[in-house]
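Undergrad: For reference, the file my_file02.txt (compact mmCIF, C-alpha atoms) is included below:
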```
# COMPACT_ATOMS: atom_id res chain seq x y z
CA MET R 172 -6.00 -7.80 17.92
CA LYS R 173 -5.85 -11.58 17.52
CA PHE R 174 -3.53 -12.23 14.64
CA ASP R 175 -3.52 -15.10 12.17
CA VAL R 176 -0.97 -14.36 9.46
CA GLU R 177 -2.64 -16.36 6.70
CA THR R 178 -6.10 -14.93 7.41
CA TYR R 179 -4.94 -11.34 7.15
CA LEU R 180 -2.75 -11.99 4.13
CA GLY R 181 -5.61 -13.78 2.42
CA ALA R 182 -7.99 -10.85 2.94
CA VAL R 183 -6.01 -8.79 0.41
CA THR R 184 -6.18 -9.27 -3.36
CA ARG R 185 -2.88 -8.38 -5.05
CA SER R 186 -2.10 -7.81 -8.72
CA VAL R 187 0.53 -6.22 -10.96
CA GLU R 188 -0.21 -4.75 -14.39
CA THR R 189 1.83 -3.17 -17.17
CA LEU R 190 0.82 0.27 -18.43
CA GLU R 191 2.23 3.49 -19.86
CA ARG R 192 2.24 7.02 -18.49
CA GLN R 193 3.38 9.88 -20.69
CA GLY R 194 4.92 7.34 -23.05
CA GLU R 195 6.99 5.65 -20.33
CA PRO R 196 6.49 2.03 -19.22
CA MET R 197 5.05 1.65 -15.73
CA ARG R 198 3.74 -1.02 -13.39
CA ALA R 199 0.49 -0.69 -11.46
CA VAL R 200 0.70 -2.42 -8.06
CA THR R 201 -2.87 -2.98 -6.83
CA LEU R 202 -4.28 -4.09 -3.47
CA SER R 203 -7.96 -4.56 -2.61
CA ARG R 204 -9.64 -5.53 0.65
CA SER R 205 -12.96 -4.97 2.41
CA TYR R 206 -13.58 -3.25 5.73
CA ALA R 207 -16.50 -3.62 8.11
CA THR R 208 -17.69 -0.03 7.81
CA THR R 209 -19.35 2.35 5.35
CA ALA R 210 -17.55 3.95 2.41
CA GLU R 211 -18.11 7.35 4.04
CA ASP R 212 -16.50 6.29 7.32
CA LEU R 213 -13.64 4.56 5.52
CA TRP R 214 -13.00 7.71 3.47
CA ASP R 215 -12.94 9.83 6.63
CA ALA R 216 -10.54 7.42 8.35
CA ILE R 217 -8.15 7.85 5.42
CA VAL R 218 -8.32 11.60 4.72
CA ASN R 219 -9.10 13.07 8.17
CA PRO R 220 -5.67 13.98 9.66
CA GLU R 221 -6.87 13.39 13.22
CA ARG R 222 -7.88 9.84 12.33
CA SER R 223 -5.26 8.85 9.75
CA ARG R 224 -2.39 9.60 12.15
CA ARG R 225 -3.73 6.88 14.46
CA TRP R 226 -3.11 4.10 11.95
CA PHE R 227 -0.80 5.54 9.28
CA LEU R 228 1.28 8.74 9.56
CA PRO R 229 0.76 12.37 10.58
CA ILE R 230 -0.17 14.42 7.52
CA SER R 231 0.07 18.16 6.94
CA GLY R 232 -0.36 20.62 4.08
CA ASP R 233 -3.09 22.17 1.99
CA LEU R 234 -5.40 19.17 2.00
CA LYS R 235 -7.70 19.99 -0.90
CA LEU R 236 -7.83 19.52 -4.66
CA GLY R 237 -4.64 20.95 -6.16
CA GLY R 238 -3.02 21.29 -2.74
CA HIS R 239 0.20 19.73 -1.49
CA TYR R 240 0.27 17.13 1.28
CA GLN R 241 3.21 15.85 3.34
CA LEU R 242 3.38 12.60 5.32
CA GLU R 243 5.71 12.98 8.28
CA GLY R 244 9.07 11.38 7.49
CA ASN R 245 7.77 9.94 4.25
CA ALA R 246 6.29 10.98 0.91
CA GLY R 247 4.57 14.18 -0.12
CA GLY R 248 2.88 15.27 -3.31
CA THR R 249 -0.01 16.99 -5.03
CA ILE R 250 -3.70 16.09 -4.69
CA GLU R 251 -4.68 15.76 -8.35
CA ARG R 252 -8.16 14.28 -7.97
CA CYS R 253 -10.50 14.22 -4.99
CA GLU R 254 -14.10 12.99 -5.24
CA PRO R 255 -15.39 12.15 -1.73
CA PRO R 256 -16.12 9.52 -0.67
CA ARG R 257 -15.09 7.42 -3.66
CA HIS R 258 -11.89 8.55 -5.39
CA LEU R 259 -8.51 10.08 -4.49
CA TYR R 260 -5.51 10.44 -6.81
CA VAL R 261 -2.18 11.95 -5.72
CA THR R 262 1.44 12.16 -6.77
CA TRP R 263 3.80 10.26 -4.48
CA GLU R 264 7.13 12.09 -4.27
CA PHE R 265 9.85 10.45 -2.21
CA GLY R 266 13.64 10.29 -2.38
CA GLY R 267 13.79 12.37 -5.53
CA GLY R 268 11.44 10.05 -7.44
CA VAL R 269 7.80 10.43 -8.44
CA SER R 270 5.09 7.79 -8.61
CA TRP R 271 1.30 7.98 -8.30
CA VAL R 272 -1.23 6.59 -5.84
CA GLU R 273 -4.94 6.13 -6.48
CA LEU R 274 -7.60 5.14 -3.93
CA ARG R 275 -11.05 3.89 -4.91
CA LEU R 276 -13.80 3.11 -2.39
CA GLU R 277 -16.98 1.16 -3.13
CA PRO R 278 -19.83 0.04 -0.86
CA LYS R 279 -20.16 -3.75 -0.79
CA GLY R 280 -23.26 -4.74 1.14
CA GLN R 281 -22.54 -4.12 4.82
CA GLU R 282 -18.88 -3.37 4.07
CA ALA R 283 -16.74 -1.02 2.00
CA GLU R 284 -14.05 -2.13 -0.43
CA LEU R 285 -10.82 -0.18 -0.70
CA THR R 286 -8.70 -0.52 -3.83
CA LEU R 287 -5.27 1.08 -3.75
CA VAL R 288 -3.19 1.40 -6.92
CA HIS R 289 0.44 2.52 -6.79
CA ILE R 290 1.81 3.32 -10.27
CA CYS R 291 5.59 2.90 -10.34
CA PRO R 292 8.21 3.68 -13.00
CA ILE R 293 10.40 0.81 -14.14
CA ASN R 294 13.84 1.77 -12.88
CA ASP R 295 16.77 0.23 -11.00
CA HIS R 296 14.78 0.22 -7.78
CA TRP R 297 11.94 -1.71 -9.43
CA THR R 298 14.37 -4.18 -11.00
CA LYS R 299 15.98 -4.90 -7.63
CA PHE R 300 12.88 -5.07 -5.42
CA GLY R 301 9.87 -5.55 -7.71
CA PRO R 302 6.27 -4.85 -6.64
CA GLY R 303 6.92 -5.77 -3.02
CA ALA R 304 8.94 -2.58 -2.58
CA VAL R 305 5.69 -0.64 -2.29
CA GLY R 306 3.39 -3.64 -1.84
CA ILE R 307 4.67 -4.75 1.57
CA GLY R 308 4.45 -1.23 2.94
CA TRP R 309 0.86 -0.90 1.75
CA ASP R 310 0.03 -4.35 3.13
CA LEU R 311 1.18 -3.08 6.53
CA GLY R 312 -0.79 0.14 6.09
CA LEU R 313 -4.02 -1.65 5.23
CA LEU R 314 -3.47 -3.95 8.20
CA GLY R 315 -3.08 -0.93 10.48
CA LEU R 316 -6.40 0.39 9.16
CA VAL R 317 -8.07 -2.91 10.10
CA GLY R 318 -6.84 -2.56 13.66
CA TYR R 319 -7.84 1.08 13.91
CA LEU R 320 -11.40 0.49 12.68
CA ALA R 321 -11.72 -2.44 15.08
CA GLY R 322 -10.69 -0.21 17.99
CA THR R 323 -7.51 -2.21 18.53
CA PRO R 324 -4.22 -0.30 18.90
CA PHE R 325 -1.68 -1.17 16.21
CA ASP R 326 1.91 0.03 16.34
CA GLU R 327 3.59 -0.79 13.03
CA ALA R 328 7.16 -0.55 14.39
CA THR R 329 6.42 -2.94 17.26
CA PHE R 330 4.52 -5.32 15.01
CA SER R 331 7.23 -5.30 12.31
CA ALA R 332 9.86 -6.29 14.88
CA SER R 333 7.79 -9.21 16.19
CA SER R 334 7.91 -12.79 14.91
CA GLU R 335 4.32 -12.43 13.66
CA GLY R 336 5.21 -9.20 11.88
CA LYS R 337 8.20 -10.75 10.15
CA ALA R 338 6.09 -13.72 9.09
CA TYR R 339 3.48 -11.32 7.73
CA MET R 340 6.08 -9.40 5.71
CA ARG R 341 7.59 -12.60 4.33
CA GLY R 342 4.10 -13.76 3.39
CA SER R 343 3.39 -10.43 1.74
CA ALA R 344 6.62 -10.71 -0.26
CA GLU R 345 5.54 -14.16 -1.43
CA GLY R 346 2.13 -12.81 -2.42
CA TRP R 347 3.79 -10.10 -4.50
CA ARG R 348 6.14 -12.67 -6.03
CA ARG R 349 3.13 -14.64 -7.27
CA ALA R 350 1.42 -11.47 -8.55
CA ASP R 351 4.63 -10.47 -10.34
CA ILE R 352 4.84 -13.85 -12.10
CA ALA R 353 1.14 -13.69 -13.01
CA SER R 354 1.81 -10.32 -14.68
CA GLY R 355 4.37 -11.92 -16.99
CA GLU R 356 7.61 -11.42 -15.07
CA ALA R 357 10.16 -14.26 -15.27
CA GLU R 358 9.93 -16.50 -12.22
CA SER R 359 13.66 -16.19 -11.51
CA GLN R 360 13.52 -12.39 -11.50
CA ALA R 361 10.32 -12.25 -9.45
CA THR R 362 11.77 -14.66 -6.88
CA HIS R 363 15.05 -12.74 -6.62
CA ALA R 364 13.23 -9.42 -6.16
CA ALA R 365 10.89 -10.88 -3.53
CA ARG R 366 13.81 -12.26 -1.53
CA GLN R 367 15.60 -8.90 -1.62
CA THR R 368 12.47 -7.05 -0.53
CA ALA R 369 11.63 -9.47 2.28
CA ALA R 370 15.20 -9.15 3.57
CA PHE R 371 14.97 -5.35 3.47
CA TYR R 372 11.75 -5.24 5.48
CA THR R 373 12.61 -7.96 8.01
CA GLY R 374 16.29 -7.12 8.43
CA GLU R 375 17.17 -10.73 7.66
CA THR R 376 19.63 -12.04 5.10
CA ALA R 377 18.09 -12.63 1.69
CA GLU R 378 17.37 -16.32 1.10
CA GLY R 379 19.83 -17.74 -1.37
CA ALA R 380 22.18 -14.74 -1.03
```
Any chance you could put this one into structure tokens?
TA:
Amino acid sequence: MKFDVETYLGAVTRSVETLERQGEPMRAVTLSRSYATTAEDLWDAIVNPERSRRWFLPISGDLKLGGHYQLEGNAGGTIERCEPPRHLYVTWEFGGGVSWVELRLEPKGQEAELTLVHICPINDHWTKFGPGAVGIGWDLGLLGLVGYLAGTPFDEATFSASSEGKAYMRGSAEGWRRADIASGEAESQATHAARQTAAFYTGETAEGA
């Protein structure tokens, strides 16, 4: 697909909020963007294993309410809420840690809006990388969904290694830096975390390191 970094970055709304879960402080990392399809089709593209593997990752498991899912080479977890075609809520278990992911779909005229919320504990990983740690990955995922729905092949590994891909990831890191500051984080900390995260994703040396 034709790719303009700023256009695709600008299609996503990003925010960070403070909340509590079971008495522990958390951060909610939220992305929203619209897709040129119906909510029903968008839901199917996300939860249908034969379709989701074409833009995200192969998924296996007992894919129903209360069941366990596993993304190949990535996270797994429990499906805690499933209300097709509007609402999905799952645990996100990866590397010994647990966070939570919520998807909300809403029809918007001729399009459907997807809102993705990743609820993260405040730990050493968050302190080092900030919201971009999950935010950049989800930015790439939502971009892959754009390509899939448009009928345009999108290979995340190839894209991420390209100059356009690296520019997109740096731009995503900057977007999450601004969202982090807007949430109340100190600018120095948000900037440091964004630089570390951009370096991790692009394989480049962190600016100012």
Undergrad: If I take atom CA of Gly312 of chain R and atom CA of Leu228 of chain R, how far is one from the other in Å, to one decimal?
TA: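 Separation between atom CA of Gly312 of chain R and atom CA of Leu228 of chain R: 9.5 Å.
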Undergrad: Could you check the closest approach to Thr178 of chain R for each of R:Thr209, R:Trp226, R:Gly342, R:Phe330 and tell me which residue wins, using all atoms listed in the file?
TA: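 Checking each of R:Thr209, R:Trp226, R:Gly342, R:Phe330 against Thr178 of chain R, counting all atoms listed in the file, the winner is R:Gly342.
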Undergrad: Which of these, R:Leu313, R:Ala328, R:Ala350, R:Ala364, has the shortest distance to Tyr179 of chain R once you count only C-alpha atoms?
TA: R:Leu313
Undergrad: Restricting the calculation to all atoms listed in the file, which member of R:Phe300, R:Gly355, R:Trp309, R:Glu191 is positioned closest to Ala377 of chain R?
TA: R:Phe300
Undergrad: Using all atoms listed in the file, determine which residues lie at most 8 Å from Val272 of chain R, disregarding the query and same-chain residues fewer than 4 positions distant; provide the list as a PyMOL selection string.
TA: chain R and resi 260-263+287-290
Undergrad: Which one of R:Arg348, R:Arg366, R:Arg185, R:Arg224 sits closest to Phe325 of chain R if you count all atoms listed in the file?
TA: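 The shortest atom-to-atom distance to Phe325 of chain R comes from R:Arg224.
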Undergrad: What lies within 10 Å of Arg204 of chain R using all atoms listed in the file, ignoring chain neighbours under 4 positions off, as a PyMOL selection string?
TA: chain R and resi 179+181-185+283-287+313-314+317
Undergrad: In terms of the shortest atom-to-atom distance over all atoms listed in the file, which of R:Tyr372, R:Phe174, R:Trp297, R:Tyr206 is closest to Gln281 of chain R?
TA: R:Tyr206
Undergrad: Find the residues of segment 270-330 of chain R that sit at most 7 Å from segment 210-218 of chain R; for each, write down the nearest two atoms and how far apart they are in Å, to one decimal. Count all atoms listed in the file. Sort by chain, then by number going up, and give it as JSON lines.
TA:
```
{"residue": "R:Leu276", "atom": "CA", "partner": "R:Ala210", "partner_atom": "CA", "distance": 6.1}
{"residue": "R:Glu277", "atom": "CA", "partner": "R:Ala210", "partner_atom": "CA", "distance": 6.2}
{"residue": "R:Pro278", "atom": "CA", "partner": "R:Ala210", "partner_atom": "CA", "distance": 5.6}
{"residue": "R:Ala283", "atom": "CA", "partner": "R:Ala210", "partner_atom": "CA", "distance": 5.1}
```
Undergrad: Choose the residue, out of R:Ala353, R:Met340, R:Cys291, R:Val269, that has the smallest atom-to-atom separation from Val200 of chain R; count only C-alpha atoms.
TA: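 Residue with the minimum atom-to-atom distance to Val200 of chain R: R:Cys291.
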Undergrad: Just give me the gap between atom CA of Thr249 of chain R and atom CA of Ser331 of chain R in Å, one decimal is fine.
TA: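 Going from atom CA of Thr249 of chain R over to atom CA of Ser331 of chain R, I get 29.2 Å.
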Undergrad: Atom CA of Ile352 of chain R and atom CA of Asn245 of chain R, how far apart in Å?
TA: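 About the pair atom CA of Asn245 of chain R and atom CA of Ile352 of chain R: they are 29.0 Å apart.
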Undergrad: Using only C-alpha atoms, which protein or nucleic acid residues come within 9 Å of Arg192 of chain R? Drop anything in the same chain fewer than 4 positions from it, and give the result as a list of chain:residue names.
TA: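 Skipping anything fewer than 4 positions along the chain leaves R:Pro196, R:Met197, R:Pro292.
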Undergrad: Mind listing whatever residues come within 7 Å of the point (3.3, 12.1, 6.0)? Use all atoms listed in the file, file coordinates, and give them as a PDB file with C-alpha atoms, in the frame of the given file.
TA:
```
ATOM      1  CA  LEU R 228       1.280   8.740   9.560  1.00  0.00           C
ATOM      2  CA  PRO R 229       0.760  12.370  10.580  1.00  0.00           C
ATOM      3  CA  ILE R 230      -0.170  14.420   7.520  1.00  0.00           C
ATOM      4  CA  SER R 231       0.070  18.160   6.940  1.00  0.00           C
ATOM      5  CA  GLN R 241       3.210  15.850   3.340  1.00  0.00           C
ATOM      6  CA  LEU R 242       3.380  12.600   5.320  1.00  0.00           C
ATOM      7  CA  GLU R 243       5.710  12.980   8.280  1.00  0.00           C
ATOM      8  CA  GLY R 244       9.070  11.380   7.490  1.00  0.00           C
ATOM      9  CA  ASN R 245       7.770   9.940   4.250  1.00  0.00           C
ATOM     10  CA  ALA R 246       6.290  10.980   0.910  1.00  0.00           C
ATOM     11  CA  GLY R 247       4.570  14.180  -0.120  1.00  0.00           C
TER      12      GLY R 247
END
```
Undergrad: Return as lines of an AutoDock Vina configuration file the box centre and box size in Å, one decimal, for an axis-aligned box around all listed atoms of segment 264-277 of chain R padded by 8 Å per side.
TA:
```
center_x = -1.6
center_y = 6.8
center_z = -5.4
size_x = 46.8
size_y = 27.2
size_z = 22.4
```
Undergrad: For Arg349 of chain R, please output as an MDAnalysis selection string all residues within 9 Å (counting all atoms listed in the file; exclusion window: fewer than 4 positions along the same chain).
TA: chainID R and resid 185:186 344:345 353:354 358 361:362
